[in-house]
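Listing of data-v2.cif, mmCIF, C-alpha atoms
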data_input
#
loop_
_atom_site.label_atom_id
_atom_site.label_comp_id
_atom_site.auth_asym_id
_atom_site.auth_seq_id
_atom_site.Cartn_x
_atom_site.Cartn_y
_atom_site.Cartn_z
CA MET A 259 -0.68 -10.72 -25.78
CA LYS A 260 -4.21 -12.10 -26.04
CA THR A 261 -3.68 -14.01 -22.77
CA LEU A 262 -2.50 -10.86 -20.98
CA ARG A 263 -5.50 -8.94 -22.30
CA ASN A 264 -7.84 -11.66 -21.08
CA TYR A 265 -6.25 -11.65 -17.64
CA ALA A 266 -6.67 -7.88 -17.55
CA ILE A 267 -10.35 -8.29 -18.36
CA LEU A 268 -10.69 -10.91 -15.61
CA LEU A 269 -9.09 -8.71 -12.97
CA GLY A 270 -11.28 -5.84 -14.12
CA LEU A 271 -14.36 -8.01 -13.63
CA ALA A 272 -13.09 -9.13 -10.24
CA SER A 273 -12.52 -5.53 -9.22
CA ALA A 274 -16.05 -4.63 -10.29
CA ALA A 275 -17.43 -7.53 -8.29
CA LEU A 276 -15.38 -6.52 -5.26
CA LEU A 277 -16.68 -2.96 -5.47
CA ALA A 278 -20.22 -4.23 -5.76
CA ALA A 279 -19.66 -6.25 -2.61
CA CYS A 280 -18.53 -3.14 -0.77
CA GLY A 281 -21.98 -1.61 -0.74
CA ASN A 282 -22.60 2.03 0.12
CA PRO A 283 -19.54 3.61 1.78
CA SER A 284 -21.88 5.80 3.80
CA THR A 285 -22.65 2.82 6.03
CA THR A 286 -19.22 3.15 7.63
CA ASP A 287 -18.82 5.18 10.81
CA VAL A 288 -17.43 8.70 10.52
CA VAL A 289 -13.81 9.11 11.59
CA ASP A 290 -13.25 11.05 14.81
CA ASN A 291 -10.51 13.34 13.50
CA ASP A 292 -9.69 14.70 16.93
CA ALA A 293 -8.90 11.22 18.15
CA VAL A 294 -6.72 10.00 15.30
CA THR A 295 -4.90 13.06 13.96
CA THR A 296 -1.12 12.91 14.27
CA ASP A 297 1.47 15.66 14.01
CA THR A 298 3.31 14.87 10.80
CA GLN A 299 5.75 17.72 10.47
CA ALA A 300 7.54 16.44 7.40
CA THR A 301 4.73 14.74 5.53
CA ASP A 302 2.99 16.13 2.47
CA THR A 303 0.03 18.46 2.88
CA PRO A 304 -3.08 17.96 0.74
CA ALA A 305 -2.71 19.36 -2.74
CA SER A 306 -4.90 22.33 -3.55
CA ASP A 307 -6.42 23.34 -6.85
CA THR A 308 -3.85 26.13 -7.11
CA PRO A 309 -0.62 24.99 -8.77
CA ALA A 310 2.45 25.19 -6.54
CA THR A 311 4.88 27.94 -7.49
CA ASP A 312 8.53 28.58 -6.73
CA ALA A 313 8.05 32.21 -5.76
CA PRO A 314 9.75 32.72 -2.36
CA PRO A 315 8.44 35.33 0.08
CA ALA A 316 9.97 38.80 -0.11
CA ASP A 317 12.09 38.21 3.00
CA ALA A 318 13.41 34.78 1.90
CA PRO A 319 17.17 34.35 2.42
CA ALA A 320 19.14 34.64 -0.80
CA GLY A 321 19.68 31.26 -2.47
CA LEU A 322 16.76 29.47 -0.83
CA SER A 323 14.01 28.40 -3.21
CA CYS A 324 12.31 25.19 -4.27
CA MET A 325 13.94 25.45 -7.69
CA SER A 326 17.43 25.75 -6.20
CA TYR A 327 16.77 22.95 -3.70
CA CYS A 328 15.38 20.61 -6.36
CA THR A 329 18.20 21.32 -8.82
CA THR A 330 20.71 20.37 -6.13
CA ILE A 331 18.99 17.26 -4.81
CA MET A 332 18.27 15.90 -8.30
CA THR A 333 21.97 16.34 -9.13
CA ASN A 334 23.45 14.88 -5.95
CA CYS A 335 20.89 12.22 -4.97
CA THR A 336 20.60 9.63 -7.72
CA ALA A 337 20.14 5.86 -8.13
CA ASP A 338 19.59 4.22 -4.72
CA ASN A 339 19.73 7.63 -3.04
CA MET A 340 17.11 9.22 -5.30
CA GLN A 341 14.41 11.07 -3.34
CA TYR A 342 12.10 12.25 -6.15
CA ALA A 343 11.20 10.74 -9.50
CA ASP A 344 12.05 13.91 -11.43
CA MET A 345 12.47 17.67 -11.16
CA ALA A 346 8.76 18.38 -11.61
CA GLU A 347 7.78 16.07 -8.77
CA CYS A 348 10.36 17.68 -6.47
CA VAL A 349 9.24 21.24 -7.20
CA ALA A 350 5.57 20.30 -6.77
CA TYR A 351 6.23 18.56 -3.45
CA CYS A 352 8.39 21.39 -2.13
CA GLY A 353 5.72 23.93 -3.01
CA ARG A 354 2.98 21.96 -1.25
CA ALA A 355 5.08 21.14 1.81
CA MET A 356 5.33 24.82 2.71
CA TRP A 357 8.44 24.30 4.81
CA PRO A 358 9.52 27.38 6.80
CA MET A 359 12.41 29.10 4.99
CA GLY A 360 14.97 28.78 7.78
CA THR A 361 18.47 29.96 7.06
CA VAL A 362 21.21 29.13 4.57
CA GLY A 363 23.42 26.39 5.99
CA GLU A 364 20.88 25.29 8.60
CA MET A 365 21.73 21.71 9.59
CA THR A 366 18.61 20.72 11.55
CA ASN A 367 14.88 21.59 11.73
CA ASN A 368 12.16 21.01 9.17
CA THR A 369 13.02 24.01 6.97
CA LEU A 370 13.90 24.62 3.34
CA GLY A 371 17.30 25.76 4.57
CA CYS A 372 17.98 22.40 6.22
CA HIS A 373 16.74 20.33 3.26
CA SER A 374 18.84 22.49 0.92
CA TYR A 375 21.96 22.22 3.09
CA HIS A 376 21.88 18.42 3.13
CA ALA A 377 21.09 18.28 -0.58
CA GLY A 378 24.28 20.25 -1.15
CA VAL A 379 26.62 18.30 1.14
CA ALA A 380 25.24 15.07 -0.35
CA GLY A 381 27.45 15.97 -3.33
CA THR A 382 30.58 15.86 -1.19
CA GLY A 383 32.28 12.81 0.25
CA GLY A 384 31.36 10.49 -2.61
CA ALA A 385 28.89 7.65 -2.14
CA ILE A 386 29.13 7.83 1.67
CA GLY A 387 28.12 11.49 1.66
CA ALA A 388 25.13 10.82 -0.57
CA THR A 389 23.99 7.82 1.49
CA LEU A 390 24.18 9.88 4.67
CA HIS A 391 22.72 13.18 3.56
CA CYS A 392 20.16 12.40 0.83
CA PRO A 393 17.58 11.00 3.28
CA HIS A 394 18.00 14.17 5.38
CA ALA A 395 17.41 16.28 2.28
CA GLY A 396 14.42 14.24 1.11
CA PRO A 397 10.71 14.67 1.84
CA SER A 398 10.68 13.09 5.32
CA GLY A 399 13.85 14.74 6.59
CA ASP A 400 14.86 11.40 8.15
CA GLY A 401 14.74 12.78 11.68
CA VAL A 402 17.22 15.56 10.89
CA CYS A 403 15.26 17.99 8.71
CA GLY A 404 11.91 16.98 10.13
CA THR A 405 10.39 13.96 11.78
CA VAL A 406 7.04 12.30 12.32
CA ALA A 407 5.65 12.77 15.81
CA PHE A 408 3.48 9.80 16.74
CA ARG A 409 0.70 10.15 19.30
CA THR A 410 1.21 8.29 22.58
CA ASP A 411 -2.36 8.45 23.88
CA MET A 412 -3.83 5.43 25.63
CA PRO A 413 -5.82 3.09 23.34
CA THR A 414 -9.04 4.20 25.04
CA ALA A 415 -8.55 7.67 23.52
CA TYR A 416 -9.27 6.29 20.06
CA ARG A 417 -12.38 4.99 18.36
CA ARG A 418 -12.07 2.10 15.93
CA VAL A 419 -13.70 2.85 12.56
CA ASP A 420 -12.09 0.09 10.49
CA ARG A 421 -9.86 -2.91 10.93
CA MET A 422 -7.76 -4.73 8.42
CA GLY A 423 -6.00 -8.03 8.86
CA MET A 424 -5.95 -9.96 5.61
CA PRO A 425 -6.49 -7.61 2.65
CA ALA A 426 -10.00 -7.42 1.18
CA VAL A 427 -11.71 -9.42 3.94
CA ALA A 428 -13.62 -6.53 5.50
CA THR A 429 -14.13 -5.01 2.05
CA VAL A 430 -15.28 -8.05 0.10
CA LEU A 431 -16.28 -10.94 2.36
CA VAL A 432 -18.57 -8.98 4.68
CA ALA A 433 -21.92 -7.70 3.40
CA ALA A 434 -22.53 -3.95 3.48
CA ALA A 435 -25.17 -4.22 6.17
CA ARG A 436 -22.71 -6.04 8.45
CA LYS A 437 -19.55 -4.00 7.91
CA ASN A 438 -19.94 -1.80 10.96
CA ALA A 439 -20.62 -4.83 13.15
CA PHE A 440 -17.50 -6.53 11.78
CA ASN A 441 -15.31 -3.47 12.29
CA ASP A 442 -16.62 -2.99 15.83
CA ALA A 443 -16.01 -6.63 16.76
CA ASP A 444 -12.69 -8.06 17.92
CA PRO A 445 -10.82 -10.64 15.82
CA ALA A 446 -11.41 -13.26 18.51
CA GLY A 447 -15.09 -13.24 17.53
CA ASP A 448 -14.64 -13.59 13.77
CA MET A 449 -16.15 -17.08 13.66
CA ALA A 450 -19.51 -15.33 14.01
CA PHE A 451 -18.97 -13.94 10.50
CA ALA A 452 -18.09 -17.27 8.85
CA GLY A 453 -21.53 -17.41 7.24
CA ASP A 454 -20.99 -13.95 5.77
CA PHE A 455 -17.65 -15.01 4.30
CA ILE A 456 -19.21 -18.07 2.63
CA ALA A 457 -22.23 -16.18 1.25
CA GLN A 458 -20.15 -13.37 -0.23
CA LEU A 459 -17.59 -15.74 -1.75
CA THR A 460 -20.39 -17.87 -3.25
CA ALA A 461 -21.82 -14.76 -4.94
CA LEU A 462 -18.39 -13.81 -6.25
CA HIS A 463 -17.95 -17.25 -7.85
CA ALA A 464 -21.41 -17.12 -9.38
CA ALA A 465 -20.36 -13.92 -11.15
CA LEU A 466 -16.87 -14.95 -12.25
CA ASP A 467 -16.56 -18.73 -12.69
CA ASP A 468 -17.57 -18.67 -16.36
CA ASP A 469 -14.97 -15.98 -17.04
CA LEU A 470 -12.29 -17.99 -15.25
CA THR A 471 -13.12 -21.09 -17.27
CA GLY A 472 -13.05 -19.08 -20.49
CA LEU A 473 -9.50 -17.98 -19.67
CA MET A 474 -8.36 -21.60 -19.24
CA LEU A 475 -8.25 -21.21 -15.46
CA THR A 476 -9.86 -23.71 -13.09
CA PRO A 477 -12.13 -22.15 -10.48
CA CYS A 478 -12.47 -23.77 -7.08
CA SER A 479 -15.91 -24.96 -5.97
CA MET A 480 -18.24 -23.53 -3.38
CA THR A 481 -20.39 -26.71 -3.41
CA VAL A 482 -17.77 -29.47 -3.19
CA LEU A 483 -16.61 -29.90 0.41
CA VAL A 484 -13.01 -30.28 1.55
CA GLY A 485 -12.49 -30.82 5.25
CA GLY A 486 -16.11 -29.91 5.91
CA LEU A 487 -15.79 -26.53 4.17
CA PRO A 488 -16.48 -25.39 0.60
CA GLU A 489 -13.42 -26.29 -1.47
CA CYS A 490 -12.45 -22.63 -1.98
CA LEU A 491 -11.98 -22.29 1.78
CA GLY A 492 -10.98 -25.83 2.70
CA GLN A 493 -8.22 -26.23 0.08
CA SER A 494 -4.56 -25.69 0.97
CA PHE A 495 -2.52 -22.97 -0.68
CA ALA A 496 0.68 -24.02 1.11
CA THR A 497 1.76 -26.95 3.25
CA GLY A 498 -0.42 -27.01 6.35
CA ARG A 499 -2.27 -23.80 5.45
CA THR A 500 -5.87 -23.74 4.26
CA VAL A 501 -7.48 -20.68 2.73
CA ALA A 502 -9.93 -20.58 5.64
CA SER A 503 -7.04 -20.34 8.11
CA LEU A 504 -6.27 -16.89 6.70
CA VAL A 505 -9.51 -15.43 8.10
CA VAL A 506 -10.83 -17.80 10.78
CA PRO A 507 -10.81 -18.23 13.72
CA ASN A 508 -9.65 -14.60 13.46
CA ASP A 509 -8.87 -12.17 10.68
CA THR A 510 -5.29 -11.26 11.50
CA LEU A 511 -2.09 -11.02 9.51
CA ARG A 512 0.39 -13.38 11.13
CA ILE A 513 4.19 -13.26 11.04
CA ASP A 514 6.39 -16.30 11.58
CA PRO A 515 9.99 -15.03 11.93
CA THR A 516 11.34 -18.52 11.26
CA ALA A 517 9.67 -18.71 7.84
CA MET A 518 10.43 -16.86 4.63
CA ALA A 519 9.16 -13.29 4.68
CA GLY A 520 6.44 -12.37 2.21
CA PHE A 521 2.65 -12.34 2.07
CA PRO A 522 0.76 -14.00 3.68
CA ASN A 523 3.63 -14.36 6.18
CA GLY A 524 3.58 -10.66 6.95
CA ARG A 525 3.20 -8.11 4.21
CA ARG A 526 6.04 -6.32 2.40
CA LEU A 527 5.58 -3.20 0.31
CA GLN A 528 6.35 -5.10 -2.88
CA ASP A 529 3.98 -8.02 -2.22
CA PRO A 530 1.10 -8.29 -4.76
CA VAL A 531 -1.39 -9.00 -1.99
CA ILE A 532 -4.62 -8.59 -3.98
CA ASP A 533 -3.38 -10.81 -6.82
CA VAL A 534 -2.49 -13.52 -4.29
CA THR A 535 -5.75 -13.13 -2.39
CA LEU A 536 -7.84 -13.36 -5.56
CA ALA A 537 -5.91 -16.45 -6.70
CA VAL A 538 -6.48 -18.46 -3.51
CA LEU A 539 -10.14 -17.43 -3.30
CA LEU A 540 -11.00 -18.04 -6.95
CA LEU A 541 -8.75 -20.83 -8.27
CA ARG A 542 -8.46 -24.54 -7.51
CA MET A 543 -4.93 -24.91 -6.22
CA ASN A 544 -2.77 -27.41 -8.18
CA ALA A 545 -5.38 -27.76 -10.93
CA THR A 546 -4.68 -26.74 -14.52
CA CYS A 547 -4.33 -23.02 -15.16
CA GLY A 548 -3.36 -22.38 -18.77
CA ALA A 549 -0.04 -24.09 -19.48
CA GLY A 550 0.77 -24.55 -15.79
CA MET A 551 -0.75 -25.33 -12.43
CA CYS A 552 -2.92 -23.01 -10.38
CA SER A 553 -1.12 -21.54 -7.40
CA ALA A 554 -1.22 -18.51 -5.13
CA GLY A 555 1.12 -16.81 -7.58
CA THR A 556 -0.85 -17.48 -10.78
CA LEU A 557 -2.38 -14.01 -11.10
CA ALA A 558 0.64 -12.23 -9.63
CA ALA A 559 2.81 -13.76 -12.37
CA VAL A 560 0.91 -11.83 -15.04
CA PRO A 561 2.85 -8.56 -15.58
CA LEU A 562 -0.18 -6.27 -15.54
CA ASN A 563 1.58 -3.90 -13.15
CA PRO A 564 5.29 -4.23 -14.00
CA ALA A 565 7.95 -2.73 -11.75
CA ARG A 566 8.65 0.02 -14.26
CA ASN A 567 5.32 1.58 -13.24
CA ASP A 568 6.87 2.39 -9.88
CA VAL A 569 9.44 5.10 -9.22
CA ASN A 570 13.01 3.81 -9.59
CA MET A 571 11.85 0.52 -11.13
CA GLY A 572 9.99 -0.61 -8.04
CA ASN A 573 12.83 0.05 -5.60
CA PHE A 574 11.63 1.62 -2.37
CA LEU A 575 13.45 4.19 -0.26
CA ALA A 576 15.84 2.84 2.37
CA THR A 577 14.53 5.16 5.09
CA PHE A 578 11.12 6.09 6.51
CA PRO A 579 8.53 6.51 5.01
CA TYR A 580 10.07 4.03 2.49
CA VAL A 581 7.59 4.91 -0.25
CA HIS A 582 8.25 7.63 -2.81
CA PRO A 583 6.23 10.86 -2.91
CA PRO A 584 3.01 10.66 -4.98
CA HIS A 585 3.77 10.32 -8.68
CA ALA A 586 2.18 9.44 -11.99
CA PRO A 587 2.97 5.88 -13.22
#
Please re-express this file's structure in structure tokens.
Amino acid sequence: MKTLRNYAILLGLASAALLAACGNPSTTDVVDNDAVTTDTQATDTPASDTPATDAPPADAPAGLSCMSYCTTIMTNCTADNMQYADMAECVAYCGRAMWPMGTVGEMTNNTLGCHSYHAGVAGTGGAIGATLHCPHAGPSGDGVCGTVAFRTDMPTAYRRVDRMGMPAVATVLVAAARKNAFNDADPAGDMAFAGDFIAQLTALHAALDDDLTGLMLTPCSMTVLVGGLPECLGQSFATGRTVASLVVPNDTLRIDPTAMAGFPNGRRLQDPVIDVTLAVLLLRMNATCGAGMCSAGTLAAVPLNPARNDVNMGNFLATFPYVHPPHAP
């Protein structure tokens, strides 16, 4: 338990250092809402300070209410077909979504009637019925009781305000005064920011190396050279892959369909990307870390955020949007 507590302290210190590296958020360009807004018919609306209620309008069809809908979907959509963590989450989401009432038995359209209909028929036909109808009854509507309409404007209609390839690069490895320049630039020109990456990473090690050593972890060096680069960037985290190759010559997230899926080969919802990123930036790969060897998975192996903190023990939904509605861990 002492080791876990120490790791927690380390990650807390790392987080503080990362935030310090972010600088003042006001240096980032303002989003052009007109250019980037999408029509998300079935997605959640921002929560207000007024608690959601289950009081239907006076002209609501008999039998249609958030309470009735949630009672049905929580009964018929369970295990792998579960759409909400619990009754309270369902009622809160339904109240905020403000779906049009629709009619009893409505089979399509983004209405409470449609969501309620599919929640009901999910209880018929056994497992097949639940697998088919629960996604229709859930928050997104799965293209039956609602859909997400994506904009099809030409790229020139949008203004870039941020870019993200590898996680934490723009946030941590670029100084505050240079963030706008980095976000405005194209990945093909990222070698121009190599000096920024080195300077920021050097400062991060100056703040954390003593803590790493105190936790029986071996930090990599920003003064020893490997392949002409500071060890932390020149070292390999996998066969044929150096840490530097993750961000230069361009900061992009690459996918090799012939290799095993999982960060940094793509990025899955369940991948502990920040734990992996911190490990390869801070630790000397294959050196001693506690009772084992330092690797990209050293920090991810510490169960600071176990699967039980996620709805349904870390299992994601099988249909878009794949993540559960907002919930308390």
*For Ala346 (chain A), list every protein, DNA or RNA residue within 10 Å, evaluated using all atoms listed in the file, and leave out those in the same chain fewer than 4 positions away; present the list as a VMD selection string.*
chain A and resid 325 328 342 350 to 352 585
*If you count all atoms listed in the file, which residues fall within 10 Å of region 361-372 of chain A, apart from same-chain ones fewer than 4 positions away, as a PyMOL selection string?*
chain A and resi 299-300+318-324+327+352+355-357+376-379+394-395+397-399+401-405
Just-selected residues, C-alpha atoms written as a PDB file, keeping the file's coordinate frame:
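As a result, part_38.pdb now contains:
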ATOM      1  CA  GLN A 299       5.750  17.720  10.470  1.00  0.00           C
ATOM      2  CA  ALA A 300       7.540  16.440   7.400  1.00  0.00           C
ATOM      3  CA  ALA A 318      13.410  34.780   1.900  1.00  0.00           C
ATOM      4  CA  PRO A 319      17.170  34.350   2.420  1.00  0.00           C
ATOM      5  CA  ALA A 320      19.140  34.640  -0.800  1.00  0.00           C
ATOM      6  CA  GLY A 321      19.680  31.260  -2.470  1.00  0.00           C
ATOM      7  CA  LEU A 322      16.760  29.470  -0.830  1.00  0.00           C
ATOM      8  CA  SER A 323      14.010  28.400  -3.210  1.00  0.00           C
ATOM      9  CA  CYS A 324      12.310  25.190  -4.270  1.00  0.00           C
ATOM     10  CA  TYR A 327      16.770  22.950  -3.700  1.00  0.00           C
ATOM     11  CA  CYS A 352       8.390  21.390  -2.130  1.00  0.00           C
ATOM     12  CA  ALA A 355       5.080  21.140   1.810  1.00  0.00           C
ATOM     13  CA  MET A 356       5.330  24.820   2.710  1.00  0.00           C
ATOM     14  CA  TRP A 357       8.440  24.300   4.810  1.00  0.00           C
ATOM     15  CA  HIS A 376      21.880  18.420   3.130  1.00  0.00           C
ATOM     16  CA  ALA A 377      21.090  18.280  -0.580  1.00  0.00           C
ATOM     17  CA  GLY A 378      24.280  20.250  -1.150  1.00  0.00           C
ATOM     18  CA  VAL A 379      26.620  18.300   1.140  1.00  0.00           C
ATOM     19  CA  HIS A 394      18.000  14.170   5.380  1.00  0.00           C
ATOM     20  CA  ALA A 395      17.410  16.280   2.280  1.00  0.00           C
ATOM     21  CA  PRO A 397      10.710  14.670   1.840  1.00  0.00           C
ATOM     22  CA  SER A 398      10.680  13.090   5.320  1.00  0.00           C
ATOM     23  CA  GLY A 399      13.850  14.740   6.590  1.00  0.00           C
ATOM     24  CA  GLY A 401      14.740  12.780  11.680  1.00  0.00           C
ATOM     25  CA  VAL A 402      17.220  15.560  10.890  1.00  0.00           C
ATOM     26  CA  CYS A 403      15.260  17.990   8.710  1.00  0.00           C
ATOM     27  CA  GLY A 404      11.910  16.980  10.130  1.00  0.00           C
ATOM     28  CA  THR A 405      10.390  13.960  11.780  1.00  0.00           C
TER      29      THR A 405
END
*Distance CA of Ser326 (chain A)-CA of Gly387 (chain A), one decimal place?*
19.5 Å
*Near Met551 (chain A), within 12 Å and counting all atoms listed in the file, which residues show up once chain neighbours fewer than 2 positions away are dropped, as number ranges by chain?*
A: 474-477, 537, 541-549, 553-557
Against region 491-511 of chain A, which residues of region 385-487 of chain A fall within 10 Å? For each one I want the closest pair of atoms and the distance in Å (one decimal), counting all atoms listed in the file, rows by chain and increasing residue number, as JSON lines.
{"residue": "A:Arg421", "atom": "CA", "partner": "A:Asp509", "partner_atom": "CA", "distance": 9.3}
{"residue": "A:Met422", "atom": "CA", "partner": "A:Thr510", "partner_atom": "CA", "distance": 7.6}
{"residue": "A:Gly423", "atom": "CA", "partner": "A:Thr510", "partner_atom": "CA", "distance": 4.2}
{"residue": "A:Met424", "atom": "CA", "partner": "A:Leu511", "partner_atom": "CA", "distance": 5.6}
{"residue": "A:Pro425", "atom": "CA", "partner": "A:Leu511", "partner_atom": "CA", "distance": 8.8}
{"residue": "A:Val427", "atom": "CA", "partner": "A:Val505", "partner_atom": "CA", "distance": 7.6}
{"residue": "A:Ala428", "atom": "CA", "partner": "A:Asp509", "partner_atom": "CA", "distance": 9.0}
{"residue": "A:Leu431", "atom": "CA", "partner": "A:Val505", "partner_atom": "CA", "distance": 9.9}
{"residue": "A:Asp444", "atom": "CA", "partner": "A:Asn508", "partner_atom": "CA", "distance": 8.5}
{"residue": "A:Pro445", "atom": "CA", "partner": "A:Asn508", "partner_atom": "CA", "distance": 4.8}
{"residue": "A:Ala446", "atom": "CA", "partner": "A:Asn508", "partner_atom": "CA", "distance": 5.5}
{"residue": "A:Gly447", "atom": "CA", "partner": "A:Asn508", "partner_atom": "CA", "distance": 6.9}
{"residue": "A:Asp448", "atom": "CA", "partner": "A:Asn508", "partner_atom": "CA", "distance": 5.1}
{"residue": "A:Met449", "atom": "CA", "partner": "A:Pro507", "partner_atom": "CA", "distance": 5.5}
{"residue": "A:Ala450", "atom": "CA", "partner": "A:Pro507", "partner_atom": "CA", "distance": 9.2}
{"residue": "A:Phe451", "atom": "CA", "partner": "A:Val506", "partner_atom": "CA", "distance": 9.0}
{"residue": "A:Ala452", "atom": "CA", "partner": "A:Val506", "partner_atom": "CA", "distance": 7.5}
{"residue": "A:Phe455", "atom": "CA", "partner": "A:Val505", "partner_atom": "CA", "distance": 9.0}
{"residue": "A:Ile456", "atom": "CA", "partner": "A:Leu491", "partner_atom": "CA", "distance": 8.4}
{"residue": "A:Leu459", "atom": "CA", "partner": "A:Leu491", "partner_atom": "CA", "distance": 9.3}
{"residue": "A:Cys478", "atom": "CA", "partner": "A:Gln493", "partner_atom": "CA", "distance": 8.7}
{"residue": "A:Ser479", "atom": "CA", "partner": "A:Leu491", "partner_atom": "CA", "distance": 9.1}
{"residue": "A:Met480", "atom": "CA", "partner": "A:Leu491", "partner_atom": "CA", "distance": 8.2}
{"residue": "A:Val482", "atom": "CA", "partner": "A:Gly492", "partner_atom": "CA", "distance": 9.7}
{"residue": "A:Leu483", "atom": "CA", "partner": "A:Gly492", "partner_atom": "CA", "distance": 7.3}
{"residue": "A:Val484", "atom": "CA", "partner": "A:Gly492", "partner_atom": "CA", "distance": 5.0}
{"residue": "A:Gly485", "atom": "CA", "partner": "A:Gly492", "partner_atom": "CA", "distance": 5.8}
{"residue": "A:Gly486", "atom": "CA", "partner": "A:Gly492", "partner_atom": "CA", "distance": 7.3}
{"residue": "A:Leu487", "atom": "CA", "partner": "A:Gly492", "partner_atom": "CA", "distance": 5.1}
Those residues with C-alpha atoms, as a PDB file, keeping the file's coordinate frame please?
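The resulting file, out34.pdb, is reproduced below:
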ATOM      1  CA  ARG A 421      -9.860  -2.910  10.930  1.00  0.00           C
ATOM      2  CA  MET A 422      -7.760  -4.730   8.420  1.00  0.00           C
ATOM      3  CA  GLY A 423      -6.000  -8.030   8.860  1.00  0.00           C
ATOM      4  CA  MET A 424      -5.950  -9.960   5.610  1.00  0.00           C
ATOM      5  CA  PRO A 425      -6.490  -7.610   2.650  1.00  0.00           C
ATOM      6  CA  VAL A 427     -11.710  -9.420   3.940  1.00  0.00           C
ATOM      7  CA  ALA A 428     -13.620  -6.530   5.500  1.00  0.00           C
ATOM      8  CA  LEU A 431     -16.280 -10.940   2.360  1.00  0.00           C
ATOM      9  CA  ASP A 444     -12.690  -8.060  17.920  1.00  0.00           C
ATOM     10  CA  PRO A 445     -10.820 -10.640  15.820  1.00  0.00           C
ATOM     11  CA  ALA A 446     -11.410 -13.260  18.510  1.00  0.00           C
ATOM     12  CA  GLY A 447     -15.090 -13.240  17.530  1.00  0.00           C
ATOM     13  CA  ASP A 448     -14.640 -13.590  13.770  1.00  0.00           C
ATOM     14  CA  MET A 449     -16.150 -17.080  13.660  1.00  0.00           C
ATOM     15  CA  ALA A 450     -19.510 -15.330  14.010  1.00  0.00           C
ATOM     16  CA  PHE A 451     -18.970 -13.940  10.500  1.00  0.00           C
ATOM     17  CA  ALA A 452     -18.090 -17.270   8.850  1.00  0.00           C
ATOM     18  CA  PHE A 455     -17.650 -15.010   4.300  1.00  0.00           C
ATOM     19  CA  ILE A 456     -19.210 -18.070   2.630  1.00  0.00           C
ATOM     20  CA  LEU A 459     -17.590 -15.740  -1.750  1.00  0.00           C
ATOM     21  CA  CYS A 478     -12.470 -23.770  -7.080  1.00  0.00           C
ATOM     22  CA  SER A 479     -15.910 -24.960  -5.970  1.00  0.00           C
ATOM     23  CA  MET A 480     -18.240 -23.530  -3.380  1.00  0.00           C
ATOM     24  CA  VAL A 482     -17.770 -29.470  -3.190  1.00  0.00           C
ATOM     25  CA  LEU A 483     -16.610 -29.900   0.410  1.00  0.00           C
ATOM     26  CA  VAL A 484     -13.010 -30.280   1.550  1.00  0.00           C
ATOM     27  CA  GLY A 485     -12.490 -30.820   5.250  1.00  0.00           C
ATOM     28  CA  GLY A 486     -16.110 -29.910   5.910  1.00  0.00           C
ATOM     29  CA  LEU A 487     -15.790 -26.530   4.170  1.00  0.00           C
TER      30      LEU A 487
END
*Run the PyMOL selection byres ((chain A and resi 532) around 12) on the file and write out the hits as number ranges by chain.*
A: 269, 272-273, 276, 424-427, 429-430, 521-522, 525, 528-531, 533-540, 554-558
Using the selection just defined, write its residues with C-alpha atoms as a short mmCIF file (atom, residue, chain, number, x, y, z; two decimals), in the frame of the given file.
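part17.cif, written as the output of this step:
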data_model
loop_
_atom_site.label_atom_id
_atom_site.label_comp_id
_atom_site.auth_asym_id
_atom_site.auth_seq_id
_atom_site.Cartn_x
_atom_site.Cartn_y
_atom_site.Cartn_z
CA LEU A 269 -9.09 -8.71 -12.97
CA ALA A 272 -13.09 -9.13 -10.24
CA SER A 273 -12.52 -5.53 -9.22
CA LEU A 276 -15.38 -6.52 -5.26
CA MET A 424 -5.95 -9.96 5.61
CA PRO A 425 -6.49 -7.61 2.65
CA ALA A 426 -10.00 -7.42 1.18
CA VAL A 427 -11.71 -9.42 3.94
CA THR A 429 -14.13 -5.01 2.05
CA VAL A 430 -15.28 -8.05 0.10
CA PHE A 521 2.65 -12.34 2.07
CA PRO A 522 0.76 -14.00 3.68
CA ARG A 525 3.20 -8.11 4.21
CA GLN A 528 6.35 -5.10 -2.88
CA ASP A 529 3.98 -8.02 -2.22
CA PRO A 530 1.10 -8.29 -4.76
CA VAL A 531 -1.39 -9.00 -1.99
CA ASP A 533 -3.38 -10.81 -6.82
CA VAL A 534 -2.49 -13.52 -4.29
CA THR A 535 -5.75 -13.13 -2.39
CA LEU A 536 -7.84 -13.36 -5.56
CA ALA A 537 -5.91 -16.45 -6.70
CA VAL A 538 -6.48 -18.46 -3.51
CA LEU A 539 -10.14 -17.43 -3.30
CA LEU A 540 -11.00 -18.04 -6.95
CA ALA A 554 -1.22 -18.51 -5.13
CA GLY A 555 1.12 -16.81 -7.58
CA THR A 556 -0.85 -17.48 -10.78
CA LEU A 557 -2.38 -14.01 -11.10
CA ALA A 558 0.64 -12.23 -9.63
#
*Pick from A:Ala434, A:Asn441, A:Val419, A:Gly396: nearest to Phe578 (chain A), with all atoms listed in the file counted?*
A:Gly396
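Put simply, CA of Met332 (chain A) is 8.3 Å away from CA of Cys348 (chain A).
Shortest atom-to-atom contact with Gly572 (chain A) among A:Leu390, A:Gly472, A:Asp338, A:Arg409: A:Asp338, counting all atoms listed in the file.
Between CA of Gly550 (chain A) and CA of Leu466 (chain A) the separation is 20.4 Å.
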_Using all atoms listed in the file, which protein or nucleic acid residues come within 8 Å of Asn523 (chain A)? Drop anything in the same chain fewer than 6 positions from it, and give the result as a list in words._
Leu511, Arg512, Ile513, Asp514 and Ala517 of chain A
*Determine the nearest neighbour of Asn438 (chain A) from the options A:Asp420, A:Asp468, A:Asp411, A:Glu347, counting all atoms listed in the file.*
A:Asp420
*Do you know which residues the PyMOL selection byres ((chain A and resi 574) around 12) returns on this file, as number ranges by chain?*
A: 337-343, 526-528, 565, 568-573, 575-583
